[in-house]
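Engineer: Next comes my_file.cif, mmCIF, C-alpha atoms and all ligand atoms:
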data_input
#
loop_
_atom_site.label_atom_id
_atom_site.label_comp_id
_atom_site.auth_asym_id
_atom_site.auth_seq_id
_atom_site.Cartn_x
_atom_site.Cartn_y
_atom_site.Cartn_z
CA MET A 66 134.07 129.72 51.31
CA CYS A 67 131.08 127.51 50.88
CA SER A 68 132.44 124.76 53.08
CA GLY A 69 133.42 127.39 55.69
CA ASN A 70 129.79 128.46 55.92
CA ARG A 71 128.62 124.85 56.10
CA ASP A 72 131.02 124.13 58.94
CA LYS A 73 129.47 126.96 60.95
CA ASN A 74 126.15 125.10 60.94
CA ILE A 75 126.34 123.43 64.33
CA TYR A 76 123.25 121.34 63.55
CA ARG A 77 124.67 119.82 60.35
CA PRO A 78 124.76 116.01 60.60
CA ILE A 79 127.69 114.08 59.15
CA GLU A 80 126.68 111.55 56.49
CA THR A 81 127.18 108.12 58.03
CA GLU A 82 127.03 104.58 56.63
CA VAL A 83 125.40 101.68 58.45
CA LEU A 84 128.02 98.89 58.45
CA ASP A 85 126.08 96.29 60.44
CA VAL A 86 123.02 95.78 62.64
CA VAL A 87 123.11 93.29 65.54
CA THR A 88 120.00 92.14 67.43
CA GLU A 89 120.88 92.18 71.15
CA SER A 90 117.44 91.33 72.60
CA PRO A 91 113.82 91.48 71.35
CA ALA A 92 113.71 95.29 71.85
CA ILE A 93 117.38 96.29 71.48
CA LYS A 94 119.70 96.47 68.47
CA THR A 95 123.28 97.68 68.05
CA VAL A 96 124.01 99.64 64.89
CA LYS A 97 127.62 99.86 63.73
CA LEU A 98 128.23 103.17 61.97
CA ARG A 99 131.00 104.71 59.87
CA PRO A 100 130.83 108.53 59.71
CA ARG A 101 132.26 109.99 56.51
CA GLU A 102 134.14 112.61 58.59
CA GLU A 103 136.01 112.04 61.83
CA LEU A 104 133.70 111.99 64.87
CA THR A 105 135.52 111.02 68.05
CA PHE A 106 134.04 111.12 71.56
CA GLN A 107 134.86 110.65 75.22
CA THR A 108 133.06 107.85 77.01
CA GLY A 109 129.76 109.15 78.45
CA GLN A 110 129.28 111.89 75.85
CA PHE A 111 126.33 111.58 73.46
CA ILE A 112 125.56 112.10 69.78
CA GLU A 113 122.38 113.00 67.86
CA LEU A 114 121.44 110.36 65.26
CA THR A 115 119.25 111.43 62.33
CA VAL A 116 117.14 108.98 60.35
CA PRO A 117 116.45 110.87 57.09
CA GLY A 118 112.80 111.81 56.70
CA VAL A 119 111.93 110.68 60.24
CA GLY A 120 113.84 112.74 62.81
CA GLU A 121 116.72 112.66 65.23
CA ALA A 122 117.31 111.42 68.77
CA PRO A 123 120.17 111.43 71.30
CA PHE A 124 122.17 108.26 72.05
CA THR A 125 125.38 107.48 73.89
CA PRO A 126 127.92 105.52 71.81
CA SER A 127 128.40 102.00 73.18
CA SER A 128 131.76 101.36 71.51
CA SER A 129 135.24 102.11 72.76
CA PRO A 130 136.28 105.76 72.48
CA ALA A 131 139.67 104.43 71.34
CA VAL A 132 138.09 103.21 68.08
CA LYS A 133 138.18 106.29 65.86
CA ASP A 134 136.72 105.29 62.48
CA THR A 135 133.50 103.52 63.50
CA MET A 136 130.97 103.95 66.30
CA ASP A 137 128.43 101.51 67.79
CA VAL A 138 125.11 102.79 69.07
CA THR A 139 122.81 100.43 71.01
CA ILE A 140 119.18 101.40 70.75
CA MET A 141 115.97 100.30 72.43
CA LYS A 142 112.83 100.56 70.31
CA VAL A 143 110.43 102.96 72.06
CA GLY A 144 108.94 105.30 69.43
CA LYS A 145 109.13 107.04 66.08
CA VAL A 146 112.90 107.40 65.51
CA THR A 147 114.00 104.25 67.32
CA GLU A 148 111.48 102.11 65.39
CA LYS A 149 113.03 103.31 62.13
CA VAL A 150 116.53 102.68 63.49
CA HIS A 151 115.48 99.06 64.08
CA GLU A 152 114.57 98.81 60.36
CA LEU A 153 118.02 100.00 59.18
CA LYS A 154 120.11 97.65 57.05
CA LYS A 155 123.75 97.43 56.05
CA GLY A 156 124.54 100.16 53.50
CA ASP A 157 121.81 102.60 54.62
CA ILE A 158 122.80 106.22 55.24
CA VAL A 159 121.96 108.13 58.41
CA GLY A 160 123.25 111.38 59.97
CA LEU A 161 125.34 111.94 63.09
CA ARG A 162 126.17 115.16 64.91
CA GLY A 163 128.14 115.69 68.08
CA PRO A 164 129.67 114.62 70.35
CA TYR A 165 127.96 116.69 73.01
CA GLY A 166 128.13 117.09 76.76
CA VAL A 167 130.57 116.01 79.39
CA GLY A 168 131.50 112.36 79.84
CA TYR A 169 132.95 110.37 82.75
CA PRO A 170 135.92 112.05 84.49
CA LEU A 171 138.12 108.92 84.38
CA ASP A 172 141.20 110.66 85.73
CA GLU A 173 139.31 111.37 88.96
CA TYR A 174 138.70 107.61 89.37
CA LYS A 175 142.45 106.82 89.48
CA ASP A 176 143.67 104.71 92.42
CA LYS A 177 140.10 104.15 93.63
CA GLU A 178 137.65 101.25 93.57
CA VAL A 179 135.21 101.73 90.69
CA LEU A 180 131.77 100.13 90.56
CA VAL A 181 130.02 100.05 87.17
CA PHE A 182 126.35 99.49 87.96
CA GLY A 183 123.65 99.18 85.31
CA GLY A 184 120.28 97.87 84.25
CA GLY A 185 118.64 97.08 80.90
CA VAL A 186 119.74 99.25 77.96
CA GLY A 187 121.76 101.30 80.47
CA LEU A 188 124.55 98.86 79.67
CA ALA A 189 125.03 100.69 76.32
CA PRO A 190 126.96 103.69 77.68
CA LEU A 191 128.48 101.44 80.33
CA ARG A 192 129.89 99.12 77.63
CA SER A 193 131.83 102.10 76.27
CA LEU A 194 132.92 103.02 79.80
CA MET A 195 134.00 99.42 80.52
CA PHE A 196 136.16 99.37 77.37
CA ALA A 197 137.81 102.62 78.52
CA LEU A 198 138.33 101.37 82.10
CA LEU A 199 139.60 97.94 81.05
CA ASP A 200 142.12 99.61 78.69
CA ARG A 201 143.78 101.19 81.74
CA ILE A 202 142.71 98.80 84.49
CA ASP A 203 146.01 99.15 86.37
CA ASP A 204 145.06 102.78 87.12
CA PHE A 205 142.24 101.63 89.42
CA LYS A 206 142.37 99.89 92.79
CA LYS A 207 139.67 97.40 91.82
CA LEU A 208 136.90 97.24 89.21
CA TYR A 209 133.40 95.95 90.09
CA PHE A 210 130.66 95.25 87.54
CA ARG A 211 127.04 94.75 88.61
CA TYR A 212 124.25 94.43 86.03
CA GLY A 213 120.58 93.46 86.06
CA ALA A 214 118.12 92.56 83.30
CA LYS A 215 114.44 91.62 83.47
CA THR A 216 114.96 88.08 82.11
CA PRO A 217 117.94 86.13 80.69
CA GLY A 218 116.62 86.96 77.19
CA ASP A 219 116.94 90.68 77.97
CA ILE A 220 120.68 90.52 78.75
CA ILE A 221 122.47 92.45 76.02
CA TYR A 222 126.02 91.88 74.68
CA LYS A 223 125.80 88.22 75.79
CA ASP A 224 129.22 87.18 74.39
CA LEU A 225 130.97 90.16 75.90
CA VAL A 226 129.23 89.71 79.25
CA ARG A 227 130.37 86.05 79.26
CA GLU A 228 133.93 87.18 78.47
CA TRP A 229 133.88 89.73 81.32
CA SER A 230 132.50 87.09 83.72
CA GLN A 231 135.70 85.05 83.17
CA ARG A 232 138.17 87.90 83.80
CA LYS A 233 140.22 87.53 86.97
CA ASP A 234 140.78 91.29 87.24
CA LEU A 235 137.06 92.13 87.32
CA ASP A 236 134.65 91.51 90.22
CA PHE A 237 131.61 90.55 88.16
CA ARG A 238 127.97 89.77 89.09
CA ILE A 239 124.76 89.83 87.11
CA THR A 240 121.16 89.11 88.03
CA VAL A 241 117.75 88.75 86.42
CA ASP A 242 114.39 89.75 87.88
CA LYS A 243 112.81 86.56 86.55
CA ALA A 244 114.65 83.34 85.61
CA ASP A 245 113.88 80.81 82.87
CA GLU A 246 114.55 77.02 83.01
CA GLU A 247 118.16 77.40 81.89
CA TRP A 248 119.21 80.26 84.19
CA THR A 249 121.45 79.12 87.04
CA GLY A 250 122.58 82.55 88.21
CA HIS A 251 121.23 85.04 90.74
CA VAL A 252 117.56 86.04 90.68
CA GLY A 253 116.44 89.36 92.18
CA LEU A 254 116.55 93.08 91.56
CA VAL A 255 119.92 94.59 90.68
CA THR A 256 120.04 96.28 94.10
CA THR A 257 120.37 92.79 95.68
CA ILE A 258 123.87 92.15 94.28
CA LEU A 259 125.66 95.11 95.86
CA ASP A 260 126.12 93.90 99.42
CA ASP A 261 129.27 91.81 99.00
CA MET A 262 131.67 94.56 97.87
CA ASP A 263 134.65 95.31 100.08
CA VAL A 264 135.43 98.95 99.21
CA ASP A 265 136.75 102.08 100.91
CA LEU A 266 133.49 104.00 101.20
CA GLU A 267 135.26 107.34 101.58
CA THR A 268 136.68 107.15 98.05
CA ALA A 269 134.90 104.37 96.09
CA ILE A 270 133.31 105.53 92.84
CA ALA A 271 129.95 104.23 91.55
CA VAL A 272 128.79 104.85 87.99
CA VAL A 273 125.07 104.19 87.53
CA CYS A 274 123.07 103.92 84.30
CA GLY A 275 119.70 102.36 83.61
CA PRO A 276 115.97 103.05 83.58
CA PRO A 277 114.92 105.92 85.92
CA ILE A 278 113.47 103.57 88.54
CA MET A 279 116.70 101.56 88.69
CA MET A 280 118.80 104.74 88.89
CA LYS A 281 116.65 106.03 91.74
CA PHE A 282 116.60 102.91 93.93
CA GLY A 283 120.16 101.99 92.91
CA THR A 284 121.39 105.37 94.12
CA PHE A 285 119.44 105.08 97.38
CA LYS A 286 120.96 101.63 97.96
CA LEU A 287 124.49 102.95 97.33
CA LEU A 288 123.88 105.77 99.82
CA GLU A 289 122.56 103.25 102.35
CA LEU A 290 125.73 101.19 101.87
CA GLY A 291 127.78 104.32 102.63
CA PHE A 292 128.93 105.55 99.19
CA LYS A 293 129.44 109.34 99.23
CA GLU A 294 127.09 111.54 97.19
CA HIS A 295 129.92 113.16 95.26
CA ASN A 296 131.30 109.73 94.27
CA ILE A 297 128.05 108.51 92.64
CA TYR A 298 127.94 109.38 88.92
CA LEU A 299 124.61 109.27 87.11
CA SER A 300 123.98 109.40 83.36
CA MET A 301 120.83 111.55 83.06
CA GLU A 302 118.67 110.86 80.00
CA LYS A 303 116.48 113.96 79.93
CA ASN A 304 114.38 114.79 76.87
CA MET A 305 116.61 116.71 74.50
CA SER A 306 116.24 118.72 71.34
CA CYS A 307 119.16 120.93 70.28
CA GLY A 308 121.84 119.09 72.30
CA LEU A 309 123.72 122.36 72.55
CA GLY A 310 122.44 124.24 75.59
CA LYS A 311 120.17 126.48 73.52
CA CYS A 312 116.56 125.22 73.64
CA GLY A 313 116.13 124.52 77.38
CA HIS A 314 114.38 121.13 76.86
CA CYS A 315 116.81 119.20 79.03
CA ARG A 316 116.94 121.42 82.11
CA ILE A 317 117.78 119.82 85.48
CA GLY A 318 117.45 122.63 88.00
CA THR A 319 120.09 125.18 87.02
CA TYR A 320 121.86 122.77 84.65
CA TYR A 321 121.31 121.71 81.05
CA ALA A 322 121.76 117.93 80.78
CA CYS A 323 123.06 118.27 77.21
CA LYS A 324 125.83 120.74 78.04
CA ASP A 325 126.63 120.32 81.73
CA GLY A 326 125.91 116.55 81.67
CA PRO A 327 124.62 114.02 80.75
CA VAL A 328 126.97 112.69 83.47
CA PHE A 329 126.46 114.35 86.87
CA SER A 330 127.64 113.42 90.34
CA TYR A 331 124.61 112.93 92.61
CA ASP A 332 125.53 115.76 95.01
CA LYS A 333 125.19 118.31 92.17
CA ILE A 334 121.59 117.44 91.25
CA LYS A 335 120.05 115.72 94.29
CA ASP A 336 118.15 118.79 95.55
CA PHE A 337 116.43 119.56 92.24
CA HIS A 338 112.80 118.63 91.70
CA ASP A 339 111.89 115.43 89.80
CA ILE A 340 115.41 114.33 88.85
CA TRP A 341 114.28 110.71 88.40
CA GLN A 342 111.49 111.52 85.88
C1 LIG B 401 121.97 111.73 76.60
C2 LIG B 401 121.04 110.61 76.20
C3 LIG B 401 121.59 109.39 75.84
C4 LIG B 401 120.75 108.34 75.46
N1 LIG B 401 121.31 107.15 75.10
C5 LIG B 401 120.52 106.15 74.69
C6 LIG B 401 121.11 104.91 74.27
O1 LIG B 401 122.33 104.74 74.24
N2 LIG B 401 120.25 103.94 73.86
C7 LIG B 401 118.88 104.10 73.86
O2 LIG B 401 118.16 103.18 73.48
N3 LIG B 401 118.31 105.25 74.26
C8 LIG B 401 119.10 106.27 74.66
N4 LIG B 401 118.53 107.46 75.03
C9 LIG B 401 117.06 107.60 74.96
C10 LIG B 401 116.66 107.92 73.53
O3 LIG B 401 117.13 109.21 73.18
C11 LIG B 401 115.12 107.89 73.37
O4 LIG B 401 114.68 106.58 73.57
C12 LIG B 401 114.72 108.37 71.99
O5 LIG B 401 114.90 109.78 71.91
C13 LIG B 401 113.26 108.03 71.70
O6 LIG B 401 112.96 108.53 70.42
P1 LIG B 401 111.72 108.00 69.58
O7 LIG B 401 111.47 109.00 68.49
O8 LIG B 401 111.96 106.59 69.16
O9 LIG B 401 110.57 107.98 70.65
P2 LIG B 401 109.34 109.02 70.78
O10 LIG B 401 108.37 108.68 69.72
O11 LIG B 401 109.87 110.42 70.86
O12 LIG B 401 108.83 108.63 72.23
C14 LIG B 401 108.45 107.34 72.62
C15 LIG B 401 108.46 107.22 74.13
O13 LIG B 401 109.78 107.38 74.66
C16 LIG B 401 109.81 108.49 75.57
N5 LIG B 401 111.02 109.28 75.29
C17 LIG B 401 111.27 110.03 74.20
N6 LIG B 401 112.47 110.61 74.26
C18 LIG B 401 113.01 110.23 75.44
C19 LIG B 401 114.25 110.52 76.08
N7 LIG B 401 115.17 111.29 75.55
N8 LIG B 401 114.48 109.94 77.28
C20 LIG B 401 113.56 109.15 77.83
N9 LIG B 401 112.37 108.85 77.28
C21 LIG B 401 112.10 109.38 76.09
C22 LIG B 401 108.59 109.31 75.31
O14 LIG B 401 108.15 109.95 76.50
C23 LIG B 401 107.60 108.25 74.83
O15 LIG B 401 107.00 107.63 75.93
C24 LIG B 401 119.34 108.52 75.43
C25 LIG B 401 118.79 109.76 75.78
C26 LIG B 401 119.63 110.80 76.17
C27 LIG B 401 119.04 112.11 76.52
S1 LIG B 402 118.73 119.90 74.51
FE1 LIG B 402 118.51 122.02 74.08
S2 LIG B 402 119.27 122.94 75.88
FE2 LIG B 402 119.70 120.85 76.18
#
As a first step, turn the structure in this file into structure tokens.
Structural biologist:
Amino acid sequence: MCSGNRDKNIYRPIETEVLDVVTESPAIKTVKLRPREELTFQTGQFIELTVPGVGEAPFTPSSSPAVKDTMDVTIMKVGKVTEKVHELKKGDIVGLRGPYGVGYPLDEYKDKEVLVFGGGVGLAPLRSLMFALLDRIDDFKKLYFRYGAKTPGDIIYKDLVREWSQRKDLDFRITVDKADEEWTGHVGLVTTILDDMDVDLETAIAVVCGPPIMMKFGTFKLLELGFKEHNIYLSMEKNMSCGLGKCGHCRIGTYYACKDGPVFSYDKIKDFHDIWQ
């Protein structure tokens, strides 16, 4: 009886152990978590992470949805909750609730060219998406990966990115805004590495995730190249509170980002005010 009542509390976080903390860049860490109850997700959905005594915040898991017992969350330090997350150590206990929202509709991407296009910490949800796409790569016509970071030191998941760069079945390019002495790759904004793709613009899918300014100009560049509005998928990080379509904090026009998103195709939201804020 008691546990039945507890299960009805949709805000109840699951007790979760911190298994490891990896520093990805000066401002970004990946926390490996093991929830004490099953918490599975579809790539693109999000969870609410509670740091006891501090508060909670929404994050998109960066690990593969096929991994059921642990979950990685990659977090940039920006304020109260994320600063405390950066202080977590192996063995600490946090809370997780979710998953919430609607993720990437992978079945709709079948037999099409798929571009995964990100900047900065936007690679966190895209890492999860890449794991899911690479697991069934034969379902897609061709997979493109384009990623930009401010400097070489800001590139996250360096080992994984190096591994992807060597795959023959992935069309891979990365860039930095500003090089250092050791960087031999492309220098320029992430929008400058999109021109060499040979895709069917009627059907090609683009999945975009990054800081608002990158999402905005990245989307405009894709439209200029000829990608169709309904084939551009954006992960919208609106301010959230309940995560459940109840408080109205995350409204985008007539939608709630937490319930109807966070993934939206551009045609659905393009006419609403201030979507890039
Ligand atoms: C669906 C979703 C998925 C997300 N996934 C990730 C992720 O995988 N990794 C990651 O690092 N971050 C992610 N974020 C952003 C993350 O939720 C915020 O950075 C976090 O809530 C900040 O909390 P804080 O208490 O540390 O900062 P606060 O002290 O609340 O604020 C610090 C600064 O960050 C800004 N801010 C606060 N909340 C948000 C927000 N939700 N979106 C944008 N700016 C905000 C504030 O305006 C302020 O300038 C995601 C957000 C959403 C909505
Ligand atoms: S976060 Fe409460 S309605 Fe979306």
Engineer: Can you build me a table of region 125-198 of chain A residues sitting at most 10 Å from region 299-303 of chain A, with the closest atom pair per residue and its distance in Å to one decimal, using all atoms listed in the file, sorted by chain and residue number, as JSON lines?
Structural biologist:
{"residue": "A:Thr125", "atom": "CA", "partner": "A:Glu302", "partner_atom": "CA", "distance": 9.7}
{"residue": "A:Gly168", "atom": "CA", "partner": "A:Ser300", "partner_atom": "CA", "distance": 8.8}
{"residue": "A:Tyr169", "atom": "CA", "partner": "A:Ser300", "partner_atom": "CA", "distance": 9.0}
{"residue": "A:Phe182", "atom": "CA", "partner": "A:Leu299", "partner_atom": "CA", "distance": 10.0}
{"residue": "A:Gly187", "atom": "CA", "partner": "A:Ser300", "partner_atom": "CA", "distance": 8.9}
{"residue": "A:Pro190", "atom": "CA", "partner": "A:Ser300", "partner_atom": "CA", "distance": 8.6}
{"residue": "A:Leu191", "atom": "CA", "partner": "A:Ser300", "partner_atom": "CA", "distance": 9.6}
Engineer: Put the listed atoms of ligand LIG 402 (chain B) in a box along x, y and z with 6 Å added on every side and give me the centre and edge lengths in Å to one decimal, as AutoDock Vina command-line options.
Structural biologist:
--center_x 119.1 --center_y 121.4 --center_z 75.1 --size_x 13.2 --size_y 15.0 --size_z 14.1
Engineer: Of the residues A:Asp263, A:Asp137, A:Glu82, A:Asp336, which is the one nearest to ligand LIG 401 (chain B), using all atoms listed in the file?
Structural biologist: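 Checking each of A:Asp263, A:Asp137, A:Glu82, A:Asp336 against ligand LIG 401 (chain B), counting all atoms listed in the file, the winner is A:Asp137.
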Engineer: May I ask which of the residues A:Pro78, A:Pro130, A:Gly109, A:Gly253 is the closest one to Leu188 (chain A), counting only C-alpha atoms?
Structural biologist: A:Gly109
Engineer: Per residue of region 66-146 of chain A within 10 Å of region 221-225 of chain A, what are the shortest atom pair and its distance in Å to one decimal, counting all atoms listed in the file, with rows by chain and residue number, as CSV?
Structural biologist:
residue,atom,partner,partner_atom,distance
A:Val87,CA,A:Tyr222,CA,9.7
A:Thr88,CA,A:Ile221,CA,8.9
A:Glu89,CA,A:Ile221,CA,5.1
A:Ser90,CA,A:Ile221,CA,6.2
A:Pro91,CA,A:Ile221,CA,9.9
A:Ile93,CA,A:Ile221,CA,7.8
A:Lys94,CA,A:Ile221,CA,9.0
A:Thr95,CA,A:Tyr222,CA,9.2
A:Thr139,CA,A:Ile221,CA,9.4
Engineer: Quick one: everything within 8 Å of Leu161 (chain A), counting all atoms listed in the file, minus sequence neighbours fewer than 5 positions away in the same chain. Send it as a list in words.
Structural biologist: Pro78, Ile79, Glu80, Thr81, Pro100, Ile112, Glu113, Leu114 and Thr115 of chain A
Engineer: What is the distance between CA of Met279 (chain A) and CA of Val328 (chain A), in Å to one decimal?
Structural biologist: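 Atom-to-atom, CA of Met279 (chain A) to CA of Val328 (chain A), that is 16.0 Å.
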Engineer: Expressed in Å to a single decimal, how great is the separation between CA of Lys206 (chain A) and CA of Glu294 (chain A)?
Structural biologist: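 Spanning CA of Lys206 (chain A) to CA of Glu294 (chain A) is a straight-line distance of 19.7 Å.
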Engineer: How would region 91-101 of chain A look with all heavy atoms restored, written as a PDB file, in the coordinates of the input?
Structural biologist:
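Printed below is rebuild.pdb as written:
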ATOM      1  N   PRO A  91     115.007  91.193  72.179  1.00  0.00           N
ATOM      2  CA  PRO A  91     113.820  91.480  71.350  1.00  0.00           C
ATOM      3  C   PRO A  91     113.621  92.973  71.087  1.00  0.00           C
ATOM      4  O   PRO A  91     113.153  93.356  70.024  1.00  0.00           O
ATOM      5  CB  PRO A  91     112.677  90.896  72.171  1.00  0.00           C
ATOM      6  CG  PRO A  91     113.317  89.803  72.979  1.00  0.00           C
ATOM      7  CD  PRO A  91     114.721  90.256  73.268  1.00  0.00           C
ATOM      8  N   ALA A  92     113.998  93.850  72.031  1.00  0.00           N
ATOM      9  CA  ALA A  92     113.710  95.290  71.850  1.00  0.00           C
ATOM     10  C   ALA A  92     114.958  96.128  71.588  1.00  0.00           C
ATOM     11  O   ALA A  92     114.858  97.340  71.443  1.00  0.00           O
ATOM     12  CB  ALA A  92     113.012  95.810  73.101  1.00  0.00           C
ATOM     13  N   ILE A  93     116.136  95.495  71.535  1.00  0.00           N
ATOM     14  CA  ILE A  93     117.380  96.290  71.480  1.00  0.00           C
ATOM     15  C   ILE A  93     118.286  95.823  70.341  1.00  0.00           C
ATOM     16  O   ILE A  93     118.533  94.628  70.186  1.00  0.00           O
ATOM     17  CB  ILE A  93     118.127  96.206  72.833  1.00  0.00           C
ATOM     18  CG1 ILE A  93     117.245  96.764  73.960  1.00  0.00           C
ATOM     19  CG2 ILE A  93     119.453  96.961  72.764  1.00  0.00           C
ATOM     20  CD1 ILE A  93     117.817  96.660  75.343  1.00  0.00           C
ATOM     21  N   LYS A  94     118.754  96.777  69.547  1.00  0.00           N
ATOM     22  CA  LYS A  94     119.700  96.470  68.470  1.00  0.00           C
ATOM     23  C   LYS A  94     120.922  97.365  68.592  1.00  0.00           C
ATOM     24  O   LYS A  94     120.805  98.511  69.037  1.00  0.00           O
ATOM     25  CB  LYS A  94     119.062  96.701  67.098  1.00  0.00           C
ATOM     26  CG  LYS A  94     118.021  95.658  66.747  1.00  0.00           C
ATOM     27  CD  LYS A  94     117.587  95.791  65.304  1.00  0.00           C
ATOM     28  CE  LYS A  94     116.549  94.701  64.990  1.00  0.00           C
ATOM     29  NZ  LYS A  94     116.137  94.730  63.584  1.00  0.00           N
ATOM     30  N   THR A  95     122.077  96.852  68.151  1.00  0.00           N
ATOM     31  CA  THR A  95     123.280  97.680  68.050  1.00  0.00           C
ATOM     32  C   THR A  95     123.556  97.947  66.579  1.00  0.00           C
ATOM     33  O   THR A  95     123.568  97.019  65.769  1.00  0.00           O
ATOM     34  CB  THR A  95     124.494  96.968  68.688  1.00  0.00           C
ATOM     35  OG1 THR A  95     124.245  96.810  70.088  1.00  0.00           O
ATOM     36  CG2 THR A  95     125.762  97.787  68.503  1.00  0.00           C
ATOM     37  N   VAL A  96     123.739  99.228  66.263  1.00  0.00           N
ATOM     38  CA  VAL A  96     124.010  99.640  64.890  1.00  0.00           C
ATOM     39  C   VAL A  96     125.459 100.078  64.826  1.00  0.00           C
ATOM     40  O   VAL A  96     125.887 100.934  65.611  1.00  0.00           O
ATOM     41  CB  VAL A  96     123.087 100.833  64.505  1.00  0.00           C
ATOM     42  CG1 VAL A  96     123.237 101.158  63.037  1.00  0.00           C
ATOM     43  CG2 VAL A  96     121.648 100.515  64.837  1.00  0.00           C
ATOM     44  N   LYS A  97     126.221  99.457  63.924  1.00  0.00           N
ATOM     45  CA  LYS A  97     127.620  99.860  63.730  1.00  0.00           C
ATOM     46  C   LYS A  97     127.670 100.884  62.618  1.00  0.00           C
ATOM     47  O   LYS A  97     127.165 100.632  61.521  1.00  0.00           O
ATOM     48  CB  LYS A  97     128.498  98.645  63.416  1.00  0.00           C
ATOM     49  CG  LYS A  97     129.972  99.007  63.335  1.00  0.00           C
ATOM     50  CD  LYS A  97     130.865  97.813  63.083  1.00  0.00           C
ATOM     51  CE  LYS A  97     131.305  97.058  64.308  1.00  0.00           C
ATOM     52  NZ  LYS A  97     131.986  97.838  65.308  1.00  0.00           N
ATOM     53  N   LEU A  98     128.284 102.036  62.896  1.00  0.00           N
ATOM     54  CA  LEU A  98     128.230 103.170  61.970  1.00  0.00           C
ATOM     55  C   LEU A  98     129.629 103.627  61.556  1.00  0.00           C
ATOM     56  O   LEU A  98     130.560 103.568  62.373  1.00  0.00           O
ATOM     57  CB  LEU A  98     127.517 104.340  62.656  1.00  0.00           C
ATOM     58  CG  LEU A  98     126.091 104.064  63.136  1.00  0.00           C
ATOM     59  CD1 LEU A  98     125.619 105.175  64.071  1.00  0.00           C
ATOM     60  CD2 LEU A  98     125.146 103.947  61.938  1.00  0.00           C
ATOM     61  N   ARG A  99     129.737 104.097  60.277  1.00  0.00           N
ATOM     62  CA  ARG A  99     131.000 104.710  59.870  1.00  0.00           C
ATOM     63  C   ARG A  99     130.725 106.120  59.349  1.00  0.00           C
ATOM     64  O   ARG A  99     130.247 106.288  58.225  1.00  0.00           O
ATOM     65  CB  ARG A  99     131.721 103.883  58.807  1.00  0.00           C
ATOM     66  CG  ARG A  99     133.072 104.531  58.450  1.00  0.00           C
ATOM     67  CD  ARG A  99     134.019 103.618  57.731  1.00  0.00           C
ATOM     68  NE  ARG A  99     133.396 103.063  56.558  1.00  0.00           N
ATOM     69  CZ  ARG A  99     133.722 101.901  56.010  1.00  0.00           C
ATOM     70  NH1 ARG A  99     134.656 101.157  56.557  1.00  0.00           N
ATOM     71  NH2 ARG A  99     133.109 101.475  54.939  1.00  0.00           N
ATOM     72  N   PRO A 100     131.015 107.153  60.177  1.00  0.00           N
ATOM     73  CA  PRO A 100     130.830 108.530  59.710  1.00  0.00           C
ATOM     74  C   PRO A 100     131.806 108.843  58.590  1.00  0.00           C
ATOM     75  O   PRO A 100     132.942 108.354  58.602  1.00  0.00           O
ATOM     76  CB  PRO A 100     131.131 109.381  60.951  1.00  0.00           C
ATOM     77  CG  PRO A 100     131.224 108.443  62.099  1.00  0.00           C
ATOM     78  CD  PRO A 100     131.530 107.095  61.554  1.00  0.00           C
ATOM     79  N   ARG A 101     131.374 109.675  57.627  1.00  0.00           N
ATOM     80  CA  ARG A 101     132.260 109.990  56.510  1.00  0.00           C
ATOM     81  C   ARG A 101     133.243 111.119  56.852  1.00  0.00           C
ATOM     82  O   ARG A 101     134.037 111.516  56.021  1.00  0.00           O
ATOM     83  CB  ARG A 101     131.440 110.313  55.257  1.00  0.00           C
ATOM     84  CG  ARG A 101     130.721 109.045  54.813  1.00  0.00           C
ATOM     85  CD  ARG A 101     130.204 109.048  53.415  1.00  0.00           C
ATOM     86  NE  ARG A 101     129.777 107.695  53.069  1.00  0.00           N
ATOM     87  CZ  ARG A 101     128.792 107.406  52.247  1.00  0.00           C
ATOM     88  NH1 ARG A 101     128.118 108.374  51.659  1.00  0.00           N
ATOM     89  NH2 ARG A 101     128.487 106.144  51.987  1.00  0.00           N
TER      90      ARG A 101
END
